[in-house]
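Presented below is the structure to which this report refers.
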Amino acid sequence: MAKVISTLFISADGVAEIDPEWHFPYFDENMGRAVSEDYDTSDVLLIGRTTYDSFAGAWPDREAAGGDDAPFAKQLGDMRKVVASRQNLEFTWRNSELIDGELTDAVRALKADEGIKGIVIPGSLDVVHQLLAAGLIDELRLLIHPVAAGKGDKLFVEGAPVQHLKVLATEAFPTGVIRVIYAPVEPPAPAGYEDVKDFPEGN
């Protein structure tokens with residue numbers, strides 16, 4: 001089945017709503033490479049309406065301008081873009097379509113489609129929250145910035161069930177950004193103080 005990958009810029013205190021003031025000072029060639037690797041895993045872009053509006057308002061013009069980021073802009077334009085929205089939308093960006101029906105049903109169908117390599121979700125926190133709750137996210141690829149944002153929407157919301165994760169890969173960049181790739185897993189065996197009290201503590 002096709003993997004569903006969520007790729008997010010995130011602060012050390014868990015905020016995944018990008019603020020340019022804390023994001024762009026840490027963007028470098030390492031982060032650019034990591035982002036490209038995330039997109040290269042997939043041929044379907046799954047995004048919410050807000051992310052679509054942001055992308056569609058920028059990337060087609062960058063592709064047409066022919067600058068340094070034009071190849072990446074073309075890659076985005078050529079990808080199939082599936083948009084989650086409860087509103088009827090008029091698409092101006094090629095290869096864009098609206099999800100027909102419920103998000104979770106549509107994603108299950110995409111995952112089961114043998115013609116799809118993978119599905120990547122940039123940003124789109126509302127989408128990610130719903131798919132995490134439904135157990136449909138295969139990987140969380142986080143670029144953790146060395147900053148406490150203090151405000152903004154978080155990846156893991158207050159009151160949500162405990163989410164257990166395993167680390168698939170980590171990488172530290174010279175800027176202090178840490179790239180962590182997680183996969184959701186089943187909870188470990190229950191344990192309490194009596195189970196761990198005999199483990200030696202560090203000095």
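Here, A, B, ... name the chains of the structure tokens in the order displayed, residue numbers run from 1 inside each chain, and ligands are numbered from 1 in the same displayed order.
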
As a VMD selection string, please: every residue in chain A that DSSP puts in alpha helix (DSSP H).
chain A and resid 20 to 23 29 to 40 49 to 56 59 to 65 70 to 78 103 to 112 125 to 133 193 to 196

List every residue of segment 33-94 of chain A that has an atom at most 10 Å from any atom of segment 132-146 of chain A, giving for each one its closest atom pair and the distance in Å to one decimal, counting only C-alpha atoms, sorted by chain and then by ascending residue number, as CSV.
```
residue,atom,partner,partner_atom,distance
A:Ala34,CA,A:Leu143,CA,8.6
A:Val35,CA,A:Leu143,CA,9.1
A:Asp38,CA,A:Arg141,CA,7.8
```

Between A:Leu110, A:Pro122, A:Ile99, A:Lys81, which is the closest to Ser36 of chain A once you count only C-alpha atoms?
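Smallest distance to Ser36 of chain A is found for A:Pro122.
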
Pick out the closest residue to Ala169 of chain A from this set: A:Trp22, A:Ala183, A:Val196, A:Asp113. Count only C-alpha atoms.
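Closest candidate: A:Ala183.
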
If you run DSSP on the backbone, which residues of segment 35-178 of chain A are strand (DSSP E), as JSON, numbers by chain?
{"A": [44, 45, 46, 47, 48, 80, 81, 82, 83, 84, 96, 97, 98, 118, 119, 120, 121, 122, 139, 140, 141, 142, 143, 144, 145, 165, 166, 167, 168, 169, 170, 171, 172, 178]}

Please determine, counting only C-alpha atoms, which residue among A:Asp69, A:Ser85, A:Phe199, A:Ala12 has the shortest atom-to-atom distance to Asp126 of chain A.
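Comparing A:Asp69, A:Ser85, A:Phe199, A:Ala12 against Asp126 of chain A, the winner is A:Ser85.
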
In Å, rounded to a single decimal, give me how far atom CA of Pro184 of chain A is from atom CA of His164 of chain A.
5.9 Å

Can you pull out the residues contacting Val157 of chain A? Cut-off 10 Å, using only C-alpha atoms, and skip same-chain residues under 4 positions away; I want them as a PDB file with all heavy atoms, in the first residue's frame.
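Done, and the output landed in part_30.pdb:
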```
ATOM      1  N   GLY A  14       6.615  22.316  19.907  1.00  0.00           N
ATOM      2  CA  GLY A  14       5.567  21.571  19.236  1.00  0.00           C
ATOM      3  C   GLY A  14       4.659  22.346  18.324  1.00  0.00           C
ATOM      4  O   GLY A  14       3.691  21.791  17.795  1.00  0.00           O
ATOM      5  N   VAL A  15       4.945  23.627  18.083  1.00  0.00           N
ATOM      6  CA  VAL A  15       4.101  24.435  17.203  1.00  0.00           C
ATOM      7  C   VAL A  15       4.440  24.116  15.749  1.00  0.00           C
ATOM      8  O   VAL A  15       5.599  24.190  15.336  1.00  0.00           O
ATOM      9  CB  VAL A  15       4.283  25.944  17.478  1.00  0.00           C
ATOM     10  CG1 VAL A  15       3.551  26.772  16.431  1.00  0.00           C
ATOM     11  CG2 VAL A  15       3.778  26.282  18.868  1.00  0.00           C
ATOM     12  N   HIS A 129      -4.233  15.971  11.777  1.00  0.00           N
ATOM     13  CA  HIS A 129      -4.911  15.590  13.018  1.00  0.00           C
ATOM     14  C   HIS A 129      -5.945  14.493  12.771  1.00  0.00           C
ATOM     15  O   HIS A 129      -6.018  13.508  13.522  1.00  0.00           O
ATOM     16  CB  HIS A 129      -5.593  16.811  13.641  1.00  0.00           C
ATOM     17  CG  HIS A 129      -4.647  17.808  14.203  1.00  0.00           C
ATOM     18  ND1 HIS A 129      -4.965  19.137  14.381  1.00  0.00           N
ATOM     19  CD2 HIS A 129      -3.351  17.701  14.634  1.00  0.00           C
ATOM     20  CE1 HIS A 129      -3.936  19.784  14.894  1.00  0.00           C
ATOM     21  NE2 HIS A 129      -2.949  18.932  15.043  1.00  0.00           N
ATOM     22  N   ASP A 153      -0.714  26.779  16.401  1.00  0.00           N
ATOM     23  CA  ASP A 153      -1.312  25.444  16.441  1.00  0.00           C
ATOM     24  C   ASP A 153      -0.228  24.380  16.540  1.00  0.00           C
ATOM     25  O   ASP A 153       0.804  24.460  15.869  1.00  0.00           O
ATOM     26  CB  ASP A 153      -2.151  25.196  15.192  1.00  0.00           C
ATOM     27  CG  ASP A 153      -3.401  26.064  15.149  1.00  0.00           C
ATOM     28  OD1 ASP A 153      -3.848  26.486  16.246  1.00  0.00           O
ATOM     29  OD2 ASP A 153      -3.920  26.316  14.057  1.00  0.00           O
ATOM     30  N   PRO A 161      -5.608  11.516  22.427  1.00  0.00           N
ATOM     31  CA  PRO A 161      -5.070  10.289  23.025  1.00  0.00           C
ATOM     32  C   PRO A 161      -3.547  10.246  22.927  1.00  0.00           C
ATOM     33  O   PRO A 161      -2.943  10.869  22.047  1.00  0.00           O
ATOM     34  CB  PRO A 161      -5.706   9.175  22.179  1.00  0.00           C
ATOM     35  CG  PRO A 161      -6.912   9.797  21.560  1.00  0.00           C
ATOM     36  CD  PRO A 161      -6.567  11.234  21.339  1.00  0.00           C
TER      37      PRO A 161
END
```

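Excluding Pro25 of chain A itself and any same-chain residue fewer than 5 positions from it, the protein and nucleic acid residues within 12 Å of it, counting only C-alpha atoms, are Asp19, Pro20, Met31, His145, Pro146, Val147, Thr175, Gly176 and Val177 of chain A.
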
Considering only C-alpha atoms, can you say which of A:Asn30, A:Asp68, A:Tyr39, A:Thr92 comes closest to Ala56 of chain A?
A:Thr92

Between atom CA of Gly77 of chain A and atom CA of Arg94 of chain A - distance in Å to one decimal:
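These atoms are spaced 6.3 Å apart.
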
In Å to one decimal, how far is atom CA of Leu98 of chain A from atom CA of Arg80 of chain A?
11.0 Å

Excluding same-chain residues fewer than 6 positions from Arg49 of chain A, what lies within 9 Å of it counting only C-alpha atoms, as a list of chain:residue names?
A:Val83, A:Ala84, A:Ser85, A:Arg86, A:Gln87, A:Leu89, A:Ser124

Using C-alpha atoms, can you export the residues from the last selection as a CSV table (one decimal), in the first residue's frame?
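Output file part_4.csv follows:
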```csv
chain,number,residue,atom,x,y,z
A,83,VAL,CA,-7.5,18.9,-1.7
A,84,ALA,CA,-9.5,18.3,1.5
A,85,SER,CA,-12.2,21.0,1.8
A,86,ARG,CA,-15.9,21.2,2.6
A,87,GLN,CA,-16.3,24.0,0.1
A,89,LEU,CA,-13.4,25.1,-5.1
A,124,SER,CA,-2.3,21.0,6.6
```
